[in-house]
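Structure file protein.pdb (PDB, C-alpha atoms) is printed below.
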ATOM      1  CA  MET Z 298     101.429 136.314  97.114
ATOM      2  CA  LEU Z 299     101.965 132.943  98.775
ATOM      3  CA  ILE Z 300     103.642 130.267  96.663
ATOM      4  CA  THR Z 301     105.522 127.048  97.378
ATOM      5  CA  LYS Z 302     107.547 124.591  95.343
ATOM      6  CA  ARG Z 303     106.055 121.285  96.517
ATOM      7  CA  MET Z 304     102.861 120.373  98.315
ATOM      8  CA  SER Z 305     102.492 116.714  99.263
ATOM      9  CA  ILE Z 306      99.000 115.438  99.957
ATOM     10  CA  VAL Z 307      98.893 112.174 101.917
ATOM     11  CA  PRO Z 308      95.682 110.250 101.187
ATOM     12  CA  THR Z 309      96.641 107.143 103.160
ATOM     13  CA  PHE Z 310      99.304 105.771 105.476
ATOM     14  CA  VAL Z 311      98.549 102.230 104.299
ATOM     15  CA  CYS Z 312     101.528 100.707 102.487
ATOM     16  CA  THR Z 313     102.024  97.447 100.643
ATOM     17  CA  LEU Z 314     105.578  97.118 101.978
ATOM     18  CA  ARG Z 315     107.152  97.060 105.441
ATOM     19  CA  CYS Z 316     110.524  98.646 104.825
ATOM     20  CA  LYS Z 317     112.875  98.488 107.795
ATOM     21  CA  LEU Z 318     114.266 102.000 107.202
ATOM     22  CA  CYS Z 319     111.078 103.679 105.961
ATOM     23  CA  SER Z 320     111.699 107.410 106.398
ATOM     24  CA  ASN Z 321     107.942 107.970 106.710
ATOM     25  CA  HIS Z 322     107.696 105.435 109.554
ATOM     26  CA  MET Z 323     104.896 103.452 107.888
ATOM     27  CA  PRO Z 324     105.618 100.141 109.682
ATOM     28  CA  ALA Z 325     105.213 101.927 113.021
ATOM     29  CA  PHE Z 326     101.496 102.531 112.369
ATOM     30  CA  LYS Z 327      99.533  99.607 113.814
ATOM     31  CA  ASP Z 328      96.276 100.893 112.323
ATOM     32  CA  PRO Z 329      97.351 103.165 109.434
ATOM     33  CA  PRO Z 330      94.947 106.094 108.961
ATOM     34  CA  ARG Z 331      93.276 106.844 105.639
ATOM     35  CA  ALA Z 332      91.635 110.122 104.662
ATOM     36  CA  SER Z 333      88.199 110.051 103.052
ATOM     37  CA  VAL Z 334      87.649 111.514  99.592
ATOM     38  CA  GLU Z 335      85.727 114.416 101.139
ATOM     39  CA  GLU Z 336      88.541 115.121 103.609
ATOM     40  CA  ILE Z 337      91.114 115.192 100.802
ATOM     41  CA  LYS Z 338      88.956 117.455  98.631
ATOM     42  CA  ALA Z 339      88.404 119.814 101.577
ATOM     43  CA  ASP Z 340      92.188 119.976 102.105
ATOM     44  CA  ILE Z 341      92.772 120.750  98.421
ATOM     45  CA  HIS Z 342      90.191 123.531  98.474
ATOM     46  CA  ALA Z 343      91.728 125.033 101.608
ATOM     47  CA  LEU Z 344      95.250 124.823 100.165
ATOM     48  CA  PHE Z 345      94.341 126.668  97.002
ATOM     49  CA  THR Z 346      92.526 129.274  99.065
ATOM     50  CA  LEU Z 347      95.716 129.816 101.070
ATOM     51  CA  PHE Z 348      98.264 129.512  98.251
ATOM     52  CA  ASP Z 349      98.262 131.553  95.075
ATOM     53  CA  HIS Z 350     100.475 129.024  93.313
ATOM     54  CA  ILE Z 351     102.024 125.597  93.924
ATOM     55  CA  GLU Z 352     104.677 124.339  91.522
ATOM     56  CA  TRP Z 353     104.283 120.612  92.244
ATOM     57  CA  LEU Z 354     101.045 119.209  93.642
ATOM     58  CA  GLN Z 355     102.130 115.762  94.863
ATOM     59  CA  PHE Z 356     100.328 112.669  96.120
ATOM     60  CA  VAL Z 357     102.467 110.529  98.420
ATOM     61  CA  GLY Z 358     101.941 107.770 100.965
ATOM     62  CA  GLY Z 359     102.092 105.051 102.190
ATOM     63  CA  GLU Z 360     101.208 103.622  98.821
ATOM     64  CA  ILE Z 361      98.584 105.960  97.402
ATOM     65  CA  PHE Z 362      96.995 103.390  95.095
ATOM     66  CA  THR Z 363      95.829 101.312  98.066
ATOM     67  CA  HIS Z 364      93.216 104.043  98.546
ATOM     68  CA  ARG Z 365      91.218 102.936  95.450
ATOM     69  CA  GLN Z 366      88.988 106.070  95.369
ATOM     70  CA  LEU Z 367      91.376 108.748  94.183
ATOM     71  CA  ASP Z 368      89.755 109.219  90.760
ATOM     72  CA  GLU Z 369      87.350 111.742  92.343
ATOM     73  CA  VAL Z 370      90.283 113.538  93.946
ATOM     74  CA  PHE Z 371      92.359 113.716  90.751
ATOM     75  CA  GLU Z 372      89.320 115.041  88.892
ATOM     76  CA  TYR Z 373      88.690 117.612  91.622
ATOM     77  CA  CYS Z 374      92.257 118.927  91.323
ATOM     78  CA  LYS Z 375      91.465 120.096  87.783
ATOM     79  CA  LYS Z 376      89.323 122.810  89.341
ATOM     80  CA  TYR Z 377      92.585 124.462  90.411
ATOM     81  CA  SER Z 378      94.699 123.552  87.367
ATOM     82  CA  THR Z 379      95.785 127.155  86.772
ATOM     83  CA  GLN Z 380      97.264 127.273  90.289
ATOM     84  CA  PHE Z 381      99.712 124.376  89.954
ATOM     85  CA  ASP Z 382     102.284 123.452  87.315
ATOM     86  CA  ARG Z 383     102.622 119.679  87.630
ATOM     87  CA  LEU Z 384     100.646 116.834  89.176
ATOM     88  CA  ILE Z 385     103.204 114.453  90.699
ATOM     89  CA  ILE Z 386     102.318 110.883  91.642
ATOM     90  CA  GLU Z 387     104.663 108.837  93.841
ATOM     91  CA  THR Z 388     104.236 105.061  93.893
ATOM     92  CA  ASN Z 389     106.221 101.926  94.708
ATOM     93  CA  ALA Z 390     104.673 100.082  91.728
ATOM     94  CA  THR Z 391     103.295  97.246  93.829
ATOM     95  CA  VAL Z 392      99.692  97.929  92.813
ATOM     96  CA  LEU Z 393      98.215  99.529  89.711
ATOM     97  CA  PRO Z 394      95.727 102.395  89.924
ATOM     98  CA  THR Z 395      92.095 101.527  89.230
ATOM     99  CA  ASP Z 396      90.829 101.992  85.677
ATOM    100  CA  LYS Z 397      89.015 105.186  86.737
ATOM    101  CA  GLU Z 398      92.087 106.562  88.506
ATOM    102  CA  LEU Z 399      94.231 105.806  85.477
ATOM    103  CA  GLU Z 400      91.753 107.407  83.076
ATOM    104  CA  ILE Z 401      91.711 110.683  85.022
ATOM    105  CA  LEU Z 402      95.471 110.711  85.527
ATOM    106  CA  LEU Z 403      96.198 110.165  81.824
ATOM    107  CA  SER Z 404      93.846 113.024  80.953
ATOM    108  CA  TYR Z 405      96.385 115.404  82.531
ATOM    109  CA  GLY Z 406      98.757 114.716  79.637
ATOM    110  CA  PRO Z 407     102.149 116.463  79.966
ATOM    111  CA  LYS Z 408     101.080 118.062  83.245
ATOM    112  CA  LEU Z 409     101.390 114.617  84.898
ATOM    113  CA  LYS Z 410     104.649 113.105  86.131
ATOM    114  CA  VAL Z 411     104.920 109.720  87.851
ATOM    115  CA  MET Z 412     107.797 109.035  90.251
ATOM    116  CA  ILE Z 413     108.332 105.293  90.696
ATOM    117  CA  SER Z 414     110.405 103.939  93.564
ATOM    118  CA  ASP Z 415     111.724 100.825  91.859
ATOM    119  CA  TYR Z 416     112.308  98.063  94.414
ATOM    120  CA  GLY Z 417     113.114  95.368  91.858
ATOM    121  CA  VAL Z 418     111.064  92.191  92.376
ATOM    122  CA  LEU Z 419     108.971  93.932  95.047
ATOM    123  CA  SER Z 420     107.681  96.447  92.471
ATOM    124  CA  LYS Z 421     105.677  93.750  90.714
ATOM    125  CA  VAL Z 422     103.596  96.023  88.424
ATOM    126  CA  ARG Z 423     106.481  98.301  87.442
ATOM    127  CA  GLU Z 424     106.733  97.075  83.846
ATOM    128  CA  GLN Z 425     102.968  97.317  83.328
ATOM    129  CA  LEU Z 426     102.868 100.828  84.734
ATOM    130  CA  VAL Z 427     105.860 102.044  82.729
ATOM    131  CA  GLU Z 428     104.384 100.582  79.527
ATOM    132  CA  ILE Z 429     101.090 102.413  80.113
ATOM    133  CA  LEU Z 430     102.869 105.693  80.787
ATOM    134  CA  GLU Z 431     105.184 105.395  77.787
ATOM    135  CA  ARG Z 432     102.303 104.489  75.488
ATOM    136  CA  ASN Z 433     100.462 107.621  76.595
ATOM    137  CA  LYS Z 434     103.586 109.832  76.473
ATOM    138  CA  ILE Z 435     103.498 110.524  80.220
ATOM    139  CA  GLU Z 436     106.787 111.481  81.871
ATOM    140  CA  SER Z 437     108.010 109.015  84.468
ATOM    141  CA  VAL Z 438     111.105 108.655  86.630
ATOM    142  CA  LEU Z 439     112.397 105.309  87.890
ATOM    143  CA  LYS Z 440     114.348 105.646  91.118
ATOM    144  CA  LYS Z 441     116.378 102.456  91.415
ATOM    145  CA  TYR Z 442     116.355 101.032  94.949
ATOM    146  CA  TYR Z 443     117.739  97.517  94.510
ATOM    147  CA  GLY Z 444     121.140  95.952  94.030
ATOM    148  CA  GLY Z 445     124.253  97.411  95.672
ATOM    149  CA  VAL Z 446     123.919 100.795  97.378
ATOM    150  CA  GLU Z 447     126.461 102.279  94.955
ATOM    151  CA  GLY Z 448     123.984 101.874  92.107
ATOM    152  CA  GLN Z 449     120.904 102.932  94.033
ATOM    153  CA  HIS Z 450     119.192 106.298  93.741
ATOM    154  CA  PHE Z 451     120.824 108.764  96.143
ATOM    155  CA  GLY Z 452     123.311 106.044  97.078
ATOM    156  CA  GLY Z 453     120.736 104.118  99.123
ATOM    157  CA  TRP Z 454     118.693 105.057 102.161
ATOM    158  CA  ILE Z 455     119.518 106.990 105.330
ATOM    159  CA  ASP Z 456     118.403 105.641 108.708
ATOM    160  CA  ASN Z 457     115.979 108.169 110.196
ATOM    161  CA  THR Z 458     114.045 105.702 112.336
ATOM    162  CA  LEU Z 459     115.298 106.492 115.843
ATOM    163  CA  CYS Z 460     112.088 108.462 116.537
ATOM    164  CA  ARG Z 461     113.469 110.182 119.628
ATOM    165  CA  ASP Z 462     114.928 113.519 120.628
ATOM    166  CA  LEU Z 463     118.616 113.352 119.691
ATOM    167  CA  LEU Z 464     119.431 115.842 122.494
ATOM    168  CA  GLU Z 465     121.497 118.053 120.208
ATOM    169  CA  PRO Z 466     122.192 121.682 121.200
ATOM    170  CA  ASP Z 467     119.628 124.210 119.955
ATOM    171  CA  TYR Z 468     122.246 126.191 118.024
ATOM    172  CA  TYR Z 469     123.317 123.041 116.169
ATOM    173  CA  VAL Z 470     119.746 122.044 115.296
ATOM    174  CA  THR Z 471     119.052 125.573 114.034
ATOM    175  CA  GLN Z 472     122.197 125.577 111.898
ATOM    176  CA  MET Z 473     121.631 122.127 110.402
ATOM    177  CA  ALA Z 474     117.881 122.540 109.884
ATOM    178  CA  ALA Z 475     118.516 125.657 107.792
ATOM    179  CA  GLN Z 476     120.512 123.489 105.356
ATOM    180  CA  CYS Z 477     117.970 120.660 105.172
ATOM    181  CA  ALA Z 478     116.832 119.508 101.735
ATOM    182  CA  GLN Z 479     113.224 119.983 102.844
ATOM    183  CA  VAL Z 480     113.950 123.689 103.249
ATOM    184  CA  ARG Z 481     115.443 124.007  99.764
ATOM    185  CA  LEU Z 482     112.556 122.070  98.223
ATOM    186  CA  GLU Z 483     109.854 123.722 100.347
ATOM    187  CA  ASN Z 484     108.304 120.279 100.544
ATOM    188  CA  MET Z 485     105.216 120.727 102.711
ATOM    189  CA  HIS Z 486     102.941 117.828 103.702
ATOM    190  CA  VAL Z 487      99.245 117.857 104.562
ATOM    191  CA  PHE Z 488      96.944 115.231 106.059
ATOM    192  CA  ARG Z 489      93.413 115.760 107.369
ATOM    193  CA  GLY Z 490      93.774 119.525 107.559
ATOM    194  CA  LYS Z 491      97.190 119.653 109.247
ATOM    195  CA  LEU Z 492      99.863 121.316 107.129
ATOM    196  CA  HIS Z 493     103.457 120.576 108.153
ATOM    197  CA  ARG Z 494     106.692 121.830 106.654
ATOM    198  CA  CYS Z 495     108.049 118.303 106.095
ATOM    199  CA  SER Z 496     107.138 114.623 106.187
ATOM    200  CA  ASN Z 497     109.035 113.914 109.416
ATOM    201  CA  SER Z 498     107.010 116.538 111.276
ATOM    202  CA  LEU Z 499     103.722 115.142 109.956
ATOM    203  CA  PHE Z 500     104.359 111.443 110.470
ATOM    204  CA  LEU Z 501     105.986 111.717 113.909
ATOM    205  CA  SER Z 502     103.085 113.917 114.974
ATOM    206  CA  GLU Z 503     100.523 111.386 113.728
ATOM    207  CA  LEU Z 504     102.370 108.648 115.615
ATOM    208  CA  GLY Z 505     102.127 110.717 118.796
ATOM    209  CA  ILE Z 506     105.902 110.490 119.236
ATOM    210  CA  CYS Z 507     106.684 114.167 118.665
ATOM    211  CA  ILE Z 508     103.903 116.577 119.625
ATOM    212  CA  PRO Z 509     104.483 119.759 117.577
ATOM    213  CA  ASN Z 510     105.122 123.107 119.198
ATOM    214  CA  GLN Z 511     102.690 125.921 118.552
ATOM    215  CA  GLY Z 512     103.346 127.238 115.055
ATOM    216  CA  ASP Z 513     105.036 124.035 113.889
ATOM    217  CA  TYR Z 514     102.042 123.272 111.690
ATOM    218  CA  VAL Z 515      98.922 125.046 110.458
ATOM    219  CA  ASN Z 516      95.381 123.762 110.813
ATOM    220  CA  ILE Z 517      94.082 124.854 107.430
ATOM    221  CA  HIS Z 518      90.445 124.419 108.466
ATOM    222  CA  ASP Z 519      90.312 126.265 111.786
ATOM    223  CA  SER Z 520      88.810 129.737 112.349
ATOM    224  CA  THR Z 521      92.159 131.567 112.253
ATOM    225  CA  THR Z 522      92.202 134.272 109.581
ATOM    226  CA  LEU Z 523      93.753 133.503 106.203
ATOM    227  CA  GLU Z 524      96.455 136.111 106.690
ATOM    228  CA  THR Z 525      97.419 134.666 110.087
ATOM    229  CA  LYS Z 526      97.752 131.217 108.513
ATOM    230  CA  ARG Z 527      99.741 132.623 105.603
ATOM    231  CA  GLU Z 528     102.132 134.380 107.947
ATOM    232  CA  LEU Z 529     102.713 131.155 109.896
ATOM    233  CA  ILE Z 530     103.425 129.364 106.609
ATOM    234  CA  ARG Z 531     105.840 132.092 105.476
ATOM    235  CA  ARG Z 532     107.816 131.485 108.676
ATOM    236  CA  PHE Z 533     107.877 127.688 108.249
ATOM    237  CA  TYR Z 534     111.508 127.644 107.130
ATOM    238  CA  HIS Z 535     112.820 130.471 109.303
ATOM    239  CA  TYR Z 536     113.334 128.303 112.375
ATOM    240  CA  PRO Z 537     113.471 124.567 113.145
ATOM    241  CA  ARG Z 538     110.443 122.488 114.064
ATOM    242  CA  LYS Z 539     110.340 120.358 117.180
ATOM    243  CA  SER Z 540     110.677 117.384 114.817
ATOM    244  CA  CYS Z 541     114.072 118.707 113.664
ATOM    245  CA  HIS Z 542     115.395 117.629 117.071
ATOM    246  CA  TYR Z 543     114.345 114.060 116.143
ATOM    247  CA  CYS Z 544     115.788 114.048 112.627
ATOM    248  CA  THR Z 545     119.103 112.433 111.630
ATOM    249  CA  TRP Z 546     118.911 113.656 108.030
ATOM    250  CA  LYS Z 547     119.757 117.224 108.919
ATOM    251  CA  SER Z 548     122.284 116.214 111.590
ATOM    252  CA  SER Z 549     124.663 114.236 109.393
ATOM    253  CA  GLY Z 550     124.422 116.204 106.176
ATOM    254  CA  GLU Z 551     123.501 114.729 102.788
ATOM    255  CA  ALA Z 552     127.087 114.022 101.726
ATOM    256  CA  THR Z 553     128.215 112.289 104.919
ATOM    257  CA  CYS Z 554     125.142 110.281 105.969
ATOM    258  CA  VAL Z 555     125.750 106.534 106.047
ATOM    259  CA  ARG Z 556     123.732 104.822 103.310
ATOM    260  CA  TYR Z 557     121.962 101.471 103.636
ATOM    261  CA  PRO Z 558     120.341  99.158 101.057
ATOM    262  CA  ALA Z 559     116.784 100.302 100.401
ATOM    263  CA  ALA Z 560     113.559  98.424 101.085
ATOM    264  CA  GLU Z 561     114.839  95.667 103.360
ATOM    265  CA  GLN Z 562     111.580  94.144 104.605
ATOM    266  CA  LEU Z 563     110.747  93.595 108.272
TER     267      LEU Z 563
END

So, in terms of structure tokens, how does the structure I just supplied come out?
Amino acid sequence: MLITKRMSIVPTFVCTLRCKLCSNHMPAFKDPPRASVEEIKADIHALFTLFDHIEWLQFVGGEIFTHRQLDEVFEYCKKYSTQFDRLIIETNATVLPTDKELEILLSYGPKLKVMISDYGVLSKVREQLVEILERNKIESVLKKYYGGVEGQHFGGWIDNTLCRDLLEPDYYVTQMAAQCAQVRLENMHVFRGKLHRCSNSLFLSELGICIPNQGDYVNIHDSTTLETKRELIRRFYHYPRKSCHYCTWKSSGEATCVRYPAAEQL
């Protein structure tokens, strides 16, 4: 059996905001890539061939609703509805889903959960979106990211934008990476057939800043046998990725990391 807690599908790197401390490095992409509907559906099929069960099937960005063609994708996910517990949507509430996207999402009923990063005045469709979700009895979570850092979700943001090897000793990276929240959450990320153990590994790789070591990610569409891919995935959290050497989150620890006000725009 191969199961995981969270699987994040990234349909687009396009974002409506340019946050100075974006942990996914969106402002660094000069020409943000966007996966086609067929590419996303192929990834979903491959994932549910590899995994017997996924607790949370997540869609994250960028801002996913800039894609404007995800209704087909959300409908396609129903084909595998017995293999995942919840469909999780993450949005910054700057743009509403299309009518078709909304119709398919609402049809999931209690299986759907919407996570809203609430950036105050920047999240201009927040009230509309919350009203729609409440009216249809869909669970939503508002993560407050405005006002003083003391009142912000998680106490504000952490600066993980250095995008360079921090030159920390291997033993230290191994020790800290084993305690990383991404390990506890098993929060894997996939984009255009490349499955990474965390967002930092995926996005730094796509930027060409941190070229992964062999085994740091799995190409879910290549000719490698399913069992070989599964074994690589089982070992994802047994040792640090190359990207762990670039990551300040694991180095400082959740409790001691300096926090900054969220969503300051460039």

Output as JSON lines one row per residue of range 495-546 of chain Z within 12 Å of range 327-334 of chain Z: the closest atom pair and its distance in Å to one decimal place, counting all atoms listed in the file, sorted by chain and residue number ascending.
{"residue": "Z:Phe500", "atom": "CA", "partner": "Z:Pro329", "partner_atom": "CA", "distance": 10.9}
{"residue": "Z:Glu503", "atom": "CA", "partner": "Z:Pro330", "partner_atom": "CA", "distance": 9.0}
{"residue": "Z:Leu504", "atom": "CA", "partner": "Z:Lys327", "partner_atom": "CA", "distance": 9.6}

Set the distance at 12 Å and use all atoms listed in the file: which residues neighbour Leu430 in chain Z once local chain neighbours fewer than 4 positions away are removed? I'd like the list as a PDB file with C-alpha atoms, in the frame of the given file.
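Final output, out_5.pdb:
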ATOM      1  CA  LEU Z 393      98.215  99.529  89.711  1.00  0.00           C
ATOM      2  CA  LEU Z 399      94.231 105.806  85.477  1.00  0.00           C
ATOM      3  CA  GLU Z 400      91.753 107.407  83.076  1.00  0.00           C
ATOM      4  CA  LEU Z 402      95.471 110.711  85.527  1.00  0.00           C
ATOM      5  CA  LEU Z 403      96.198 110.165  81.824  1.00  0.00           C
ATOM      6  CA  SER Z 404      93.846 113.024  80.953  1.00  0.00           C
ATOM      7  CA  TYR Z 405      96.385 115.404  82.531  1.00  0.00           C
ATOM      8  CA  GLY Z 406      98.757 114.716  79.637  1.00  0.00           C
ATOM      9  CA  PRO Z 407     102.149 116.463  79.966  1.00  0.00           C
ATOM     10  CA  LEU Z 409     101.390 114.617  84.898  1.00  0.00           C
ATOM     11  CA  LYS Z 410     104.649 113.105  86.131  1.00  0.00           C
ATOM     12  CA  VAL Z 411     104.920 109.720  87.851  1.00  0.00           C
ATOM     13  CA  MET Z 412     107.797 109.035  90.251  1.00  0.00           C
ATOM     14  CA  ILE Z 413     108.332 105.293  90.696  1.00  0.00           C
ATOM     15  CA  ARG Z 423     106.481  98.301  87.442  1.00  0.00           C
ATOM     16  CA  GLU Z 424     106.733  97.075  83.846  1.00  0.00           C
ATOM     17  CA  GLN Z 425     102.968  97.317  83.328  1.00  0.00           C
ATOM     18  CA  LEU Z 426     102.868 100.828  84.734  1.00  0.00           C
ATOM     19  CA  LYS Z 434     103.586 109.832  76.473  1.00  0.00           C
ATOM     20  CA  ILE Z 435     103.498 110.524  80.220  1.00  0.00           C
ATOM     21  CA  GLU Z 436     106.787 111.481  81.871  1.00  0.00           C
ATOM     22  CA  SER Z 437     108.010 109.015  84.468  1.00  0.00           C
ATOM     23  CA  VAL Z 438     111.105 108.655  86.630  1.00  0.00           C
ATOM     24  CA  LEU Z 439     112.397 105.309  87.890  1.00  0.00           C
TER      25      LEU Z 439
END

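With all atoms listed in the file as the atoms that count, the residue of Z:Pro324, Z:Gly505, Z:Gly359, Z:Pro558 with the shortest distance to Ser540 in chain Z is Z:Gly505.
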
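Note that the spacing between CA of Trp546 in chain Z and CA of Asn484 in chain Z amounts to 14.6 Å.
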
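Distance check against Gln562 in chain Z using all atoms listed in the file: of Z:Gln511, Z:Gln472, Z:Thr313, Z:Ser496, the minimum falls on Z:Thr313.
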
Quick one: which residues end up in the PyMOL selection byres ((chain Z and resi 454-462) around 10) for this structure, as a PDB file with C-alpha atoms, in the frame of the given file?
ATOM      1  CA  LYS Z 317     112.875  98.488 107.795  1.00  0.00           C
ATOM      2  CA  LEU Z 318     114.266 102.000 107.202  1.00  0.00           C
ATOM      3  CA  CYS Z 319     111.078 103.679 105.961  1.00  0.00           C
ATOM      4  CA  SER Z 320     111.699 107.410 106.398  1.00  0.00           C
ATOM      5  CA  ASN Z 321     107.942 107.970 106.710  1.00  0.00           C
ATOM      6  CA  HIS Z 322     107.696 105.435 109.554  1.00  0.00           C
ATOM      7  CA  ALA Z 325     105.213 101.927 113.021  1.00  0.00           C
ATOM      8  CA  TYR Z 442     116.355 101.032  94.949  1.00  0.00           C
ATOM      9  CA  VAL Z 446     123.919 100.795  97.378  1.00  0.00           C
ATOM     10  CA  GLN Z 449     120.904 102.932  94.033  1.00  0.00           C
ATOM     11  CA  HIS Z 450     119.192 106.298  93.741  1.00  0.00           C
ATOM     12  CA  PHE Z 451     120.824 108.764  96.143  1.00  0.00           C
ATOM     13  CA  GLY Z 452     123.311 106.044  97.078  1.00  0.00           C
ATOM     14  CA  GLY Z 453     120.736 104.118  99.123  1.00  0.00           C
ATOM     15  CA  LEU Z 463     118.616 113.352 119.691  1.00  0.00           C
ATOM     16  CA  LEU Z 464     119.431 115.842 122.494  1.00  0.00           C
ATOM     17  CA  GLU Z 465     121.497 118.053 120.208  1.00  0.00           C
ATOM     18  CA  ASN Z 497     109.035 113.914 109.416  1.00  0.00           C
ATOM     19  CA  LEU Z 501     105.986 111.717 113.909  1.00  0.00           C
ATOM     20  CA  LEU Z 504     102.370 108.648 115.615  1.00  0.00           C
ATOM     21  CA  ILE Z 506     105.902 110.490 119.236  1.00  0.00           C
ATOM     22  CA  CYS Z 507     106.684 114.167 118.665  1.00  0.00           C
ATOM     23  CA  LYS Z 539     110.340 120.358 117.180  1.00  0.00           C
ATOM     24  CA  SER Z 540     110.677 117.384 114.817  1.00  0.00           C
ATOM     25  CA  CYS Z 541     114.072 118.707 113.664  1.00  0.00           C
ATOM     26  CA  HIS Z 542     115.395 117.629 117.071  1.00  0.00           C
ATOM     27  CA  TYR Z 543     114.345 114.060 116.143  1.00  0.00           C
ATOM     28  CA  CYS Z 544     115.788 114.048 112.627  1.00  0.00           C
ATOM     29  CA  THR Z 545     119.103 112.433 111.630  1.00  0.00           C
ATOM     30  CA  TRP Z 546     118.911 113.656 108.030  1.00  0.00           C
ATOM     31  CA  LYS Z 547     119.757 117.224 108.919  1.00  0.00           C
ATOM     32  CA  SER Z 549     124.663 114.236 109.393  1.00  0.00           C
ATOM     33  CA  GLU Z 551     123.501 114.729 102.788  1.00  0.00           C
ATOM     34  CA  CYS Z 554     125.142 110.281 105.969  1.00  0.00           C
ATOM     35  CA  VAL Z 555     125.750 106.534 106.047  1.00  0.00           C
ATOM     36  CA  ARG Z 556     123.732 104.822 103.310  1.00  0.00           C
ATOM     37  CA  TYR Z 557     121.962 101.471 103.636  1.00  0.00           C
ATOM     38  CA  PRO Z 558     120.341  99.158 101.057  1.00  0.00           C
ATOM     39  CA  ALA Z 559     116.784 100.302 100.401  1.00  0.00           C
ATOM     40  CA  ALA Z 560     113.559  98.424 101.085  1.00  0.00           C
TER      41      ALA Z 560
END

Give as a ChimeraX atom specification every residue, naming chains and numbers as the document does, that has an atom within 8 Å of (101.9, 125.5, 102.5), counting all atoms listed in the file.
/Z:300-301,304,344,347-348,485-486,492-494,530

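In terms of minimum interatomic distance to Ser414 in chain Z, Z:Leu314 ranks closest within Z:Ile401, Z:Cys374, Z:Val307, Z:Leu314, counting all atoms listed in the file.
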
Where is the centre and how long are the edges: axis-aligned box on range 307-324 of chain Z, 8 Å on each side, Å to one decimal, as AutoDock Vina command-line options:
--center_x 105.0 --center_y 104.6 --center_z 105.2 --size_x 34.6 --size_y 31.1 --size_z 25.0

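Between CA of Phe488 in chain Z and CA of Glu336 in chain Z there is a distance of 8.8 Å.
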
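Closest approach to Ile306 in chain Z among Z:Gln479, Z:Ile429, Z:Leu499, Z:Lys440 is made by Z:Leu499 (distances from all atoms listed in the file).
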
Selection result for the PyMOL selection byres ((chain Z and resi 518) around 9) on this file, as an MDAnalysis selection string:
chainID Z and resid 339:340 343 490:491 515:517 519:521

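One distance worth recording is that between CA of Tyr377 in chain Z and CA of Val311 in chain Z, which is 26.9 Å.
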
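Run against this file, the PyMOL selection byres ((chain Z and resi 471) around 10) gives back Z:Pro466, Z:Asp467, Z:Tyr468, Z:Tyr469, Z:Val470, Z:Gln472, Z:Met473, Z:Ala474, Z:Ala475, Z:Gln476, Z:His535, Z:Tyr536, Z:Pro537, Z:Arg538, Z:Cys541, Z:His542, Z:Lys547.
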
Any idea what's packed within 9 Å of Val370 in chain Z, counting all atoms listed in the file, ignoring anything in its chain fewer than 5 positions away? Could you give it as a ChimeraX atom specification?
/Z:334-335,337-338,341

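The list of residues within 7 Å of (110.3, 125.7, 98.3), counted using all atoms listed in the file, is Thr301, Lys302, Arg303, Val480, Arg481, Leu482, Glu483 and Asn484 of chain Z.
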
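When all atoms listed in the file are used to measure the gap to Val487 in chain Z, the shortest distance among Z:Thr346, Z:Thr522, Z:Gln355, Z:Thr391 belongs to Z:Gln355.
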